[in-house]
$ cat run-v5.txt   # compact mmCIF, N, CA and C atoms
# COMPACT_ATOMS: atom_id res chain seq x y z
N MET U 1339 -6.86 -19.57 -11.26
CA MET U 1339 -6.13 -18.86 -12.29
C MET U 1339 -4.76 -18.47 -11.76
N SER U 1340 -3.75 -18.67 -12.55
CA SER U 1340 -2.39 -18.34 -12.17
C SER U 1340 -2.07 -16.91 -12.60
N ILE U 1341 -1.51 -16.13 -11.68
CA ILE U 1341 -1.13 -14.75 -11.98
C ILE U 1341 0.35 -14.72 -12.31
N ASN U 1342 0.68 -14.29 -13.54
CA ASN U 1342 2.06 -14.29 -13.99
C ASN U 1342 2.72 -12.91 -13.97
N LYS U 1343 1.95 -11.86 -13.92
CA LYS U 1343 2.52 -10.51 -13.98
C LYS U 1343 2.25 -9.77 -12.68
N SER U 1344 3.22 -8.91 -12.34
CA SER U 1344 3.12 -8.14 -11.10
C SER U 1344 3.19 -6.66 -11.39
N ILE U 1345 2.58 -5.89 -10.52
CA ILE U 1345 2.63 -4.43 -10.58
C ILE U 1345 3.13 -3.93 -9.23
N LEU U 1346 4.16 -3.07 -9.27
CA LEU U 1346 4.66 -2.42 -8.06
C LEU U 1346 4.11 -1.01 -8.05
N LEU U 1347 3.30 -0.70 -7.06
CA LEU U 1347 2.65 0.60 -6.95
C LEU U 1347 3.32 1.39 -5.84
N PHE U 1348 3.90 2.54 -6.20
CA PHE U 1348 4.46 3.46 -5.21
C PHE U 1348 3.43 4.56 -4.98
N THR U 1349 3.03 4.74 -3.74
CA THR U 1349 2.06 5.79 -3.42
C THR U 1349 2.37 6.34 -2.04
N ASP U 1350 2.21 7.65 -1.89
CA ASP U 1350 2.51 8.28 -0.60
C ASP U 1350 1.59 7.78 0.50
N TRP U 1351 0.31 7.57 0.17
CA TRP U 1351 -0.67 7.14 1.18
C TRP U 1351 -1.55 6.05 0.61
N TYR U 1352 -1.94 5.13 1.45
CA TYR U 1352 -2.81 4.03 1.06
C TYR U 1352 -3.66 3.66 2.27
N GLU U 1353 -4.62 2.79 2.06
CA GLU U 1353 -5.48 2.41 3.18
C GLU U 1353 -4.66 1.76 4.29
N PRO U 1354 -4.93 1.98 5.52
CA PRO U 1354 -6.16 2.52 6.08
C PRO U 1354 -6.22 4.04 6.12
N GLY U 1355 -5.28 4.73 5.49
CA GLY U 1355 -5.32 6.18 5.46
C GLY U 1355 -6.55 6.69 4.72
N PHE U 1356 -6.92 7.93 5.02
CA PHE U 1356 -8.08 8.53 4.36
C PHE U 1356 -7.92 10.03 4.15
N LYS U 1357 -6.96 10.66 4.84
CA LYS U 1357 -6.83 12.11 4.81
C LYS U 1357 -6.38 12.66 3.45
N ALA U 1358 -5.72 11.86 2.65
CA ALA U 1358 -5.28 12.30 1.33
C ALA U 1358 -6.40 12.17 0.30
N GLY U 1359 -7.51 11.60 0.70
CA GLY U 1359 -8.72 11.58 -0.13
C GLY U 1359 -8.64 10.77 -1.41
N GLY U 1360 -8.89 11.43 -2.54
CA GLY U 1360 -9.03 10.80 -3.84
C GLY U 1360 -7.90 9.89 -4.27
N PRO U 1361 -6.64 10.28 -4.12
CA PRO U 1361 -5.55 9.41 -4.54
C PRO U 1361 -5.57 8.04 -3.84
N ILE U 1362 -5.93 8.03 -2.56
CA ILE U 1362 -6.02 6.75 -1.85
C ILE U 1362 -7.12 5.90 -2.46
N GLN U 1363 -8.27 6.50 -2.70
CA GLN U 1363 -9.40 5.77 -3.27
C GLN U 1363 -9.08 5.27 -4.68
N SER U 1364 -8.41 6.10 -5.48
CA SER U 1364 -8.06 5.70 -6.85
C SER U 1364 -7.13 4.49 -6.85
N CYS U 1365 -6.09 4.54 -6.01
CA CYS U 1365 -5.15 3.41 -5.94
C CYS U 1365 -5.86 2.16 -5.43
N LYS U 1366 -6.67 2.31 -4.41
CA LYS U 1366 -7.42 1.19 -3.85
C LYS U 1366 -8.34 0.57 -4.91
N ASN U 1367 -9.02 1.41 -5.69
CA ASN U 1367 -9.92 0.91 -6.72
C ASN U 1367 -9.18 0.18 -7.84
N ILE U 1368 -8.02 0.69 -8.23
CA ILE U 1368 -7.21 0.02 -9.26
C ILE U 1368 -6.77 -1.36 -8.77
N VAL U 1369 -6.27 -1.40 -7.54
CA VAL U 1369 -5.82 -2.68 -6.96
C VAL U 1369 -6.98 -3.66 -6.87
N ASN U 1370 -8.13 -3.20 -6.38
CA ASN U 1370 -9.28 -4.09 -6.24
C ASN U 1370 -9.79 -4.59 -7.60
N ALA U 1371 -9.77 -3.73 -8.60
CA ALA U 1371 -10.29 -4.10 -9.92
C ALA U 1371 -9.37 -5.08 -10.64
N LEU U 1372 -8.06 -4.97 -10.43
CA LEU U 1372 -7.11 -5.76 -11.22
C LEU U 1372 -6.38 -6.84 -10.44
N SER U 1373 -6.68 -6.99 -9.15
CA SER U 1373 -5.92 -7.95 -8.34
C SER U 1373 -6.16 -9.40 -8.76
N GLY U 1374 -7.20 -9.70 -9.49
CA GLY U 1374 -7.40 -11.05 -10.00
C GLY U 1374 -6.56 -11.34 -11.23
N THR U 1375 -6.09 -10.28 -11.89
CA THR U 1375 -5.29 -10.41 -13.11
C THR U 1375 -3.80 -10.21 -12.85
N TYR U 1376 -3.48 -9.31 -11.92
CA TYR U 1376 -2.10 -8.98 -11.61
C TYR U 1376 -1.84 -9.16 -10.12
N ARG U 1377 -0.61 -9.48 -9.79
CA ARG U 1377 -0.17 -9.52 -8.39
C ARG U 1377 0.29 -8.10 -8.05
N PHE U 1378 -0.20 -7.53 -7.00
CA PHE U 1378 0.15 -6.15 -6.62
C PHE U 1378 1.06 -6.12 -5.42
N TYR U 1379 2.05 -5.25 -5.52
CA TYR U 1379 2.93 -4.89 -4.42
C TYR U 1379 2.76 -3.39 -4.24
N VAL U 1380 2.36 -2.97 -3.05
CA VAL U 1380 2.13 -1.55 -2.77
C VAL U 1380 3.16 -1.09 -1.75
N LEU U 1381 3.98 -0.12 -2.15
CA LEU U 1381 4.97 0.47 -1.25
C LEU U 1381 4.47 1.85 -0.87
N THR U 1382 4.24 2.06 0.42
CA THR U 1382 3.58 3.29 0.86
C THR U 1382 4.09 3.74 2.23
N SER U 1383 3.63 4.89 2.63
CA SER U 1383 3.99 5.46 3.92
C SER U 1383 3.32 4.72 5.07
N ASP U 1384 3.94 4.77 6.21
CA ASP U 1384 3.38 4.10 7.39
C ASP U 1384 2.46 5.00 8.21
N ARG U 1385 2.07 6.14 7.62
CA ARG U 1385 1.19 7.07 8.34
C ARG U 1385 0.31 7.83 7.36
N ASP U 1386 -0.76 8.41 7.88
CA ASP U 1386 -1.69 9.17 7.06
C ASP U 1386 -1.15 10.58 6.83
N LEU U 1387 -1.75 11.29 5.92
CA LEU U 1387 -1.35 12.65 5.57
C LEU U 1387 -1.27 13.54 6.81
N HIS U 1388 -0.13 14.18 7.00
CA HIS U 1388 0.15 15.12 8.11
C HIS U 1388 0.23 14.47 9.49
N ASP U 1389 0.13 13.15 9.59
CA ASP U 1389 0.26 12.49 10.90
C ASP U 1389 1.73 12.38 11.28
N ARG U 1390 2.01 12.45 12.56
CA ARG U 1390 3.38 12.34 13.05
C ARG U 1390 3.74 10.93 13.50
N SER U 1391 2.74 10.09 13.63
CA SER U 1391 3.03 8.72 14.07
C SER U 1391 2.46 7.71 13.09
N ALA U 1392 3.04 6.51 13.13
CA ALA U 1392 2.66 5.44 12.21
C ALA U 1392 1.28 4.89 12.57
N TYR U 1393 0.67 4.20 11.60
CA TYR U 1393 -0.61 3.54 11.86
C TYR U 1393 -0.47 2.59 13.04
N GLU U 1394 -1.45 2.57 13.88
CA GLU U 1394 -1.44 1.70 15.05
C GLU U 1394 -1.78 0.27 14.62
N GLY U 1395 -1.00 -0.69 15.09
CA GLY U 1395 -1.28 -2.10 14.85
C GLY U 1395 -0.84 -2.63 13.49
N ILE U 1396 -0.07 -1.85 12.72
CA ILE U 1396 0.42 -2.32 11.42
C ILE U 1396 1.94 -2.40 11.48
N GLU U 1397 2.47 -3.56 11.14
CA GLU U 1397 3.92 -3.74 11.10
C GLU U 1397 4.51 -2.90 9.98
N THR U 1398 5.66 -2.30 10.25
CA THR U 1398 6.31 -1.46 9.23
C THR U 1398 7.58 -2.11 8.70
N SER U 1399 7.97 -1.63 7.52
CA SER U 1399 9.20 -2.07 6.85
C SER U 1399 9.24 -3.58 6.63
N LYS U 1400 8.09 -4.15 6.34
CA LYS U 1400 7.98 -5.58 6.08
C LYS U 1400 6.83 -5.79 5.09
N TRP U 1401 7.00 -6.69 4.13
CA TRP U 1401 5.93 -6.98 3.19
C TRP U 1401 4.86 -7.79 3.90
N LEU U 1402 3.65 -7.27 3.91
CA LEU U 1402 2.50 -7.92 4.54
C LEU U 1402 1.56 -8.41 3.45
N GLU U 1403 1.10 -9.64 3.55
CA GLU U 1403 0.21 -10.17 2.53
C GLU U 1403 -1.22 -10.17 3.04
N ARG U 1404 -2.10 -9.55 2.26
CA ARG U 1404 -3.52 -9.54 2.60
C ARG U 1404 -4.16 -10.81 2.04
N PRO U 1405 -5.36 -11.14 2.49
CA PRO U 1405 -6.05 -12.34 2.00
C PRO U 1405 -6.27 -12.36 0.48
N ASP U 1406 -6.35 -11.18 -0.16
CA ASP U 1406 -6.57 -11.12 -1.61
C ASP U 1406 -5.26 -11.15 -2.40
N SER U 1407 -4.18 -11.59 -1.77
CA SER U 1407 -2.85 -11.73 -2.39
C SER U 1407 -2.19 -10.41 -2.76
N VAL U 1408 -2.69 -9.32 -2.23
CA VAL U 1408 -2.03 -8.03 -2.40
C VAL U 1408 -1.01 -7.90 -1.29
N ARG U 1409 0.20 -7.51 -1.64
CA ARG U 1409 1.26 -7.34 -0.66
C ARG U 1409 1.52 -5.85 -0.46
N ILE U 1410 1.62 -5.43 0.80
CA ILE U 1410 1.81 -4.02 1.12
C ILE U 1410 2.98 -3.88 2.08
N CYS U 1411 3.81 -2.88 1.81
CA CYS U 1411 4.91 -2.55 2.72
C CYS U 1411 4.73 -1.10 3.16
N TYR U 1412 4.48 -0.91 4.45
CA TYR U 1412 4.36 0.42 5.03
C TYR U 1412 5.72 0.81 5.57
N THR U 1413 6.24 1.95 5.12
CA THR U 1413 7.58 2.35 5.54
C THR U 1413 7.59 3.78 6.06
N SER U 1414 8.62 4.10 6.82
CA SER U 1414 8.78 5.46 7.34
C SER U 1414 9.18 6.40 6.22
N ALA U 1415 8.88 7.67 6.40
CA ALA U 1415 9.23 8.69 5.40
C ALA U 1415 10.74 8.74 5.19
N ASN U 1416 11.52 8.52 6.25
CA ASN U 1416 12.98 8.54 6.12
C ASN U 1416 13.46 7.44 5.17
N TRP U 1417 12.83 6.28 5.21
CA TRP U 1417 13.23 5.16 4.35
C TRP U 1417 12.85 5.42 2.90
N LEU U 1418 11.74 6.12 2.68
CA LEU U 1418 11.25 6.37 1.33
C LEU U 1418 12.10 7.40 0.58
N THR U 1419 12.89 8.20 1.27
CA THR U 1419 13.69 9.19 0.57
C THR U 1419 14.82 8.51 -0.14
$ encode --input "run-v5.txt" --output "structure tokens"
Amino acid sequence: MSINKSILLFTDWYEPGFKAGGPIQSCKNIVNALSGTYRFYVLTSDRDLHDRSAYEGIETSKWLERPDSVRICYTSANWLT
């Protein structure tokens, strides 16, 4: 199936984060439920809630493509302002 429409999701926190709780799960569930119908681009922070350092082992400020065709860009808080 060809995906013709895209959704750009701006969220403060996304997986692998977990400290922000429900909002992370809600965004993750929306992406998982609709990724077969829409192409998702997720622009999010490079760290979890209240953390001072970026996620370990994840490239920042670059669009990363997951196997399910979801693209995620983890960025610093300074860049998001």
$ residues_around --input "run-v5.txt" --residues "U:Glu1394" --least-positions-apart "2" --cutoff "8 Å" --atoms "all atoms listed in the file" --output "ChimeraX atom specification"
/U:1384-1385,1391-1392,1396-1397
$ residues_around --input "run-v5.txt" --residues "U:Tyr1376" --least-positions-apart "5" --cutoff "9 Å" --atoms "only C-alpha atoms" --output "JSON, numbers by chain"
{"U": [1341, 1342, 1343, 1344, 1345, 1369]}
$ write_last_selection --input "run-v5.txt" --atoms "N, CA and C atoms" --output "short mmCIF file (atom, residue, chain, number, x, y, z; two decimals), in the coordinates of the input"
data_model
loop_
_atom_site.label_atom_id
_atom_site.label_comp_id
_atom_site.auth_asym_id
_atom_site.auth_seq_id
_atom_site.Cartn_x
_atom_site.Cartn_y
_atom_site.Cartn_z
N ILE U 1341 -1.51 -16.13 -11.68
CA ILE U 1341 -1.13 -14.75 -11.98
C ILE U 1341 0.35 -14.72 -12.31
N ASN U 1342 0.68 -14.29 -13.54
CA ASN U 1342 2.06 -14.29 -13.99
C ASN U 1342 2.72 -12.91 -13.97
N LYS U 1343 1.95 -11.86 -13.92
CA LYS U 1343 2.52 -10.51 -13.98
C LYS U 1343 2.25 -9.77 -12.68
N SER U 1344 3.22 -8.91 -12.34
CA SER U 1344 3.12 -8.14 -11.10
C SER U 1344 3.19 -6.66 -11.39
N ILE U 1345 2.58 -5.89 -10.52
CA ILE U 1345 2.63 -4.43 -10.58
C ILE U 1345 3.13 -3.93 -9.23
N VAL U 1369 -6.27 -1.40 -7.54
CA VAL U 1369 -5.82 -2.68 -6.96
C VAL U 1369 -6.98 -3.66 -6.87
#
$ atom_distance --input "run-v5.txt" --atom1 "atom CA of U:Asp1350" --atom2 "atom CA of U:Phe1378"
15.8 Å
$ atom_distance --input "run-v5.txt" --atom1 "atom C of U:Ala1415" --atom2 "atom CA of U:Ser1383"
7.6 Å
$ select_by_dssp --input "run-v5.txt" --residues "chain U" --states "helix (DSSP H, G or I)" --output "ChimeraX atom specification"
/U:1360-1372,1415-1418
$ write_last_selection --input "run-v5.txt" --atoms "N, CA and C atoms" --output "short mmCIF file (atom, residue, chain, number, x, y, z; two decimals), in the coordinates of the input"
data_model
loop_
_atom_site.label_atom_id
_atom_site.label_comp_id
_atom_site.auth_asym_id
_atom_site.auth_seq_id
_atom_site.Cartn_x
_atom_site.Cartn_y
_atom_site.Cartn_z
N GLY U 1360 -8.89 11.43 -2.54
CA GLY U 1360 -9.03 10.80 -3.84
C GLY U 1360 -7.90 9.89 -4.27
N PRO U 1361 -6.64 10.28 -4.12
CA PRO U 1361 -5.55 9.41 -4.54
C PRO U 1361 -5.57 8.04 -3.84
N ILE U 1362 -5.93 8.03 -2.56
CA ILE U 1362 -6.02 6.75 -1.85
C ILE U 1362 -7.12 5.90 -2.46
N GLN U 1363 -8.27 6.50 -2.70
CA GLN U 1363 -9.40 5.77 -3.27
C GLN U 1363 -9.08 5.27 -4.68
N SER U 1364 -8.41 6.10 -5.48
CA SER U 1364 -8.06 5.70 -6.85
C SER U 1364 -7.13 4.49 -6.85
N CYS U 1365 -6.09 4.54 -6.01
CA CYS U 1365 -5.15 3.41 -5.94
C CYS U 1365 -5.86 2.16 -5.43
N LYS U 1366 -6.67 2.31 -4.41
CA LYS U 1366 -7.42 1.19 -3.85
C LYS U 1366 -8.34 0.57 -4.91
N ASN U 1367 -9.02 1.41 -5.69
CA ASN U 1367 -9.92 0.91 -6.72
C ASN U 1367 -9.18 0.18 -7.84
N ILE U 1368 -8.02 0.69 -8.23
CA ILE U 1368 -7.21 0.02 -9.26
C ILE U 1368 -6.77 -1.36 -8.77
N VAL U 1369 -6.27 -1.40 -7.54
CA VAL U 1369 -5.82 -2.68 -6.96
C VAL U 1369 -6.98 -3.66 -6.87
N ASN U 1370 -8.13 -3.20 -6.38
CA ASN U 1370 -9.28 -4.09 -6.24
C ASN U 1370 -9.79 -4.59 -7.60
N ALA U 1371 -9.77 -3.73 -8.60
CA ALA U 1371 -10.29 -4.10 -9.92
C ALA U 1371 -9.37 -5.08 -10.64
N LEU U 1372 -8.06 -4.97 -10.43
CA LEU U 1372 -7.11 -5.76 -11.22
C LEU U 1372 -6.38 -6.84 -10.44
N ALA U 1415 8.88 7.67 6.40
CA ALA U 1415 9.23 8.69 5.40
C ALA U 1415 10.74 8.74 5.19
N ASN U 1416 11.52 8.52 6.25
CA ASN U 1416 12.98 8.54 6.12
C ASN U 1416 13.46 7.44 5.17
N TRP U 1417 12.83 6.28 5.21
CA TRP U 1417 13.23 5.16 4.35
C TRP U 1417 12.85 5.42 2.90
N LEU U 1418 11.74 6.12 2.68
CA LEU U 1418 11.25 6.37 1.33
C LEU U 1418 12.10 7.40 0.58
#
$ residues_around --input "run-v5.txt" --residues "U:Glu1403" --least-positions-apart "4" --cutoff "12 Å" --atoms "only C-alpha atoms" --output "list in words"
Arg1377, Phe1378, Tyr1379, Val1380, Ile1396, Glu1397, Ser1407, Val1408, Arg1409, Ile1410, Cys1411 and Tyr1412 of chain U
$ atom_distance --input "run-v5.txt" --atom1 "atom CA of U:Leu1418" --atom2 "atom CA of U:Asp1406"
25.1 Å
$ select_by_dssp --input "run-v5.txt" --residues "chain U" --states "strand (DSSP E)" --output "list in words"
Ser1344, Ile1345, Leu1346, Leu1347, Phe1348, Thr1349, Arg1377, Phe1378, Tyr1379, Val1380, Leu1381, Thr1382, Ser1383, Trp1401, Leu1402, Glu1403, Arg1409, Ile1410, Cys1411, Tyr1412 and Thr1413 of chain U
$ closest_residue --input "run-v5.txt" --among "U:Leu1381, U:Leu1387, U:Leu1402, U:Leu1347" --to "U:Ser1364" --atoms "only C-alpha atoms"
U:Leu1347
$ residues_around --input "run-v5.txt" --residues "U:Gly1355" --least-positions-apart "2" --cutoff "6 Å" --atoms "only C-alpha atoms" --output "ChimeraX atom specification"
/U:1352-1353,1386
$ closest_residue --input "run-v5.txt" --among "U:Gly1395, U:Asn1367, U:Thr1375, U:Pro1361" --to "U:Thr1349" --atoms "only N, CA and C atoms"
U:Pro1361
$ decode --input "run-v5.txt" --residues "stretch 1371-1408 of chain U" --atoms "C-alpha atoms" --output "mmCIF file, in the first residue's frame"
data_model
loop_
_atom_site.group_PDB
_atom_site.id
_atom_site.type_symbol
_atom_site.label_atom_id
_atom_site.label_comp_id
_atom_site.auth_asym_id
_atom_site.auth_seq_id
_atom_site.Cartn_x
_atom_site.Cartn_y
_atom_site.Cartn_z
ATOM 1 C CA ALA U 1371 -2.228 2.654 15.119
ATOM 2 C CA LEU U 1372 -2.000 4.923 12.063
ATOM 3 C CA SER U 1373 1.488 4.302 10.668
ATOM 4 C CA GLY U 1374 0.089 1.973 7.995
ATOM 5 C CA THR U 1375 -2.170 4.771 6.729
ATOM 6 C CA TYR U 1376 0.011 7.849 7.267
ATOM 7 C CA ARG U 1377 3.737 8.547 7.138
ATOM 8 C CA PHE U 1378 4.782 9.972 10.520
ATOM 9 C CA TYR U 1379 7.501 12.458 11.301
ATOM 10 C CA VAL U 1380 8.066 12.934 15.034
ATOM 11 C CA LEU U 1381 10.025 15.969 16.222
ATOM 12 C CA THR U 1382 10.920 15.598 19.882
ATOM 13 C CA SER U 1383 13.424 16.275 22.624
ATOM 14 C CA ASP U 1384 16.676 14.359 22.823
ATOM 15 C CA ARG U 1385 16.191 13.619 26.528
ATOM 16 C CA ASP U 1386 13.611 12.381 29.007
ATOM 17 C CA LEU U 1387 11.652 14.601 31.396
ATOM 18 C CA HIS U 1388 13.997 16.461 33.809
ATOM 19 C CA ASP U 1389 17.123 14.735 32.421
ATOM 20 C CA ARG U 1390 20.200 16.879 31.834
ATOM 21 C CA SER U 1391 21.747 14.691 29.171
ATOM 22 C CA ALA U 1392 20.576 13.279 25.848
ATOM 23 C CA TYR U 1393 19.516 9.674 25.316
ATOM 24 C CA GLU U 1394 22.529 7.410 25.085
ATOM 25 C CA GLY U 1395 23.168 5.854 21.676
ATOM 26 C CA ILE U 1396 20.657 7.978 19.712
ATOM 27 C CA GLU U 1397 21.846 10.413 17.058
ATOM 28 C CA THR U 1398 20.494 13.920 17.518
ATOM 29 C CA SER U 1399 19.425 16.664 15.114
ATOM 30 C CA LYS U 1400 19.001 14.174 12.281
ATOM 31 C CA TRP U 1401 15.935 12.405 10.879
ATOM 32 C CA LEU U 1402 16.187 8.724 11.806
ATOM 33 C CA GLU U 1403 14.017 6.162 10.048
ATOM 34 C CA ARG U 1404 12.669 3.230 12.012
ATOM 35 C CA PRO U 1405 11.818 -0.096 10.342
ATOM 36 C CA ASP U 1406 8.085 0.809 10.401
ATOM 37 C CA SER U 1407 8.765 3.905 8.215
ATOM 38 C CA VAL U 1408 8.289 6.305 11.106
#
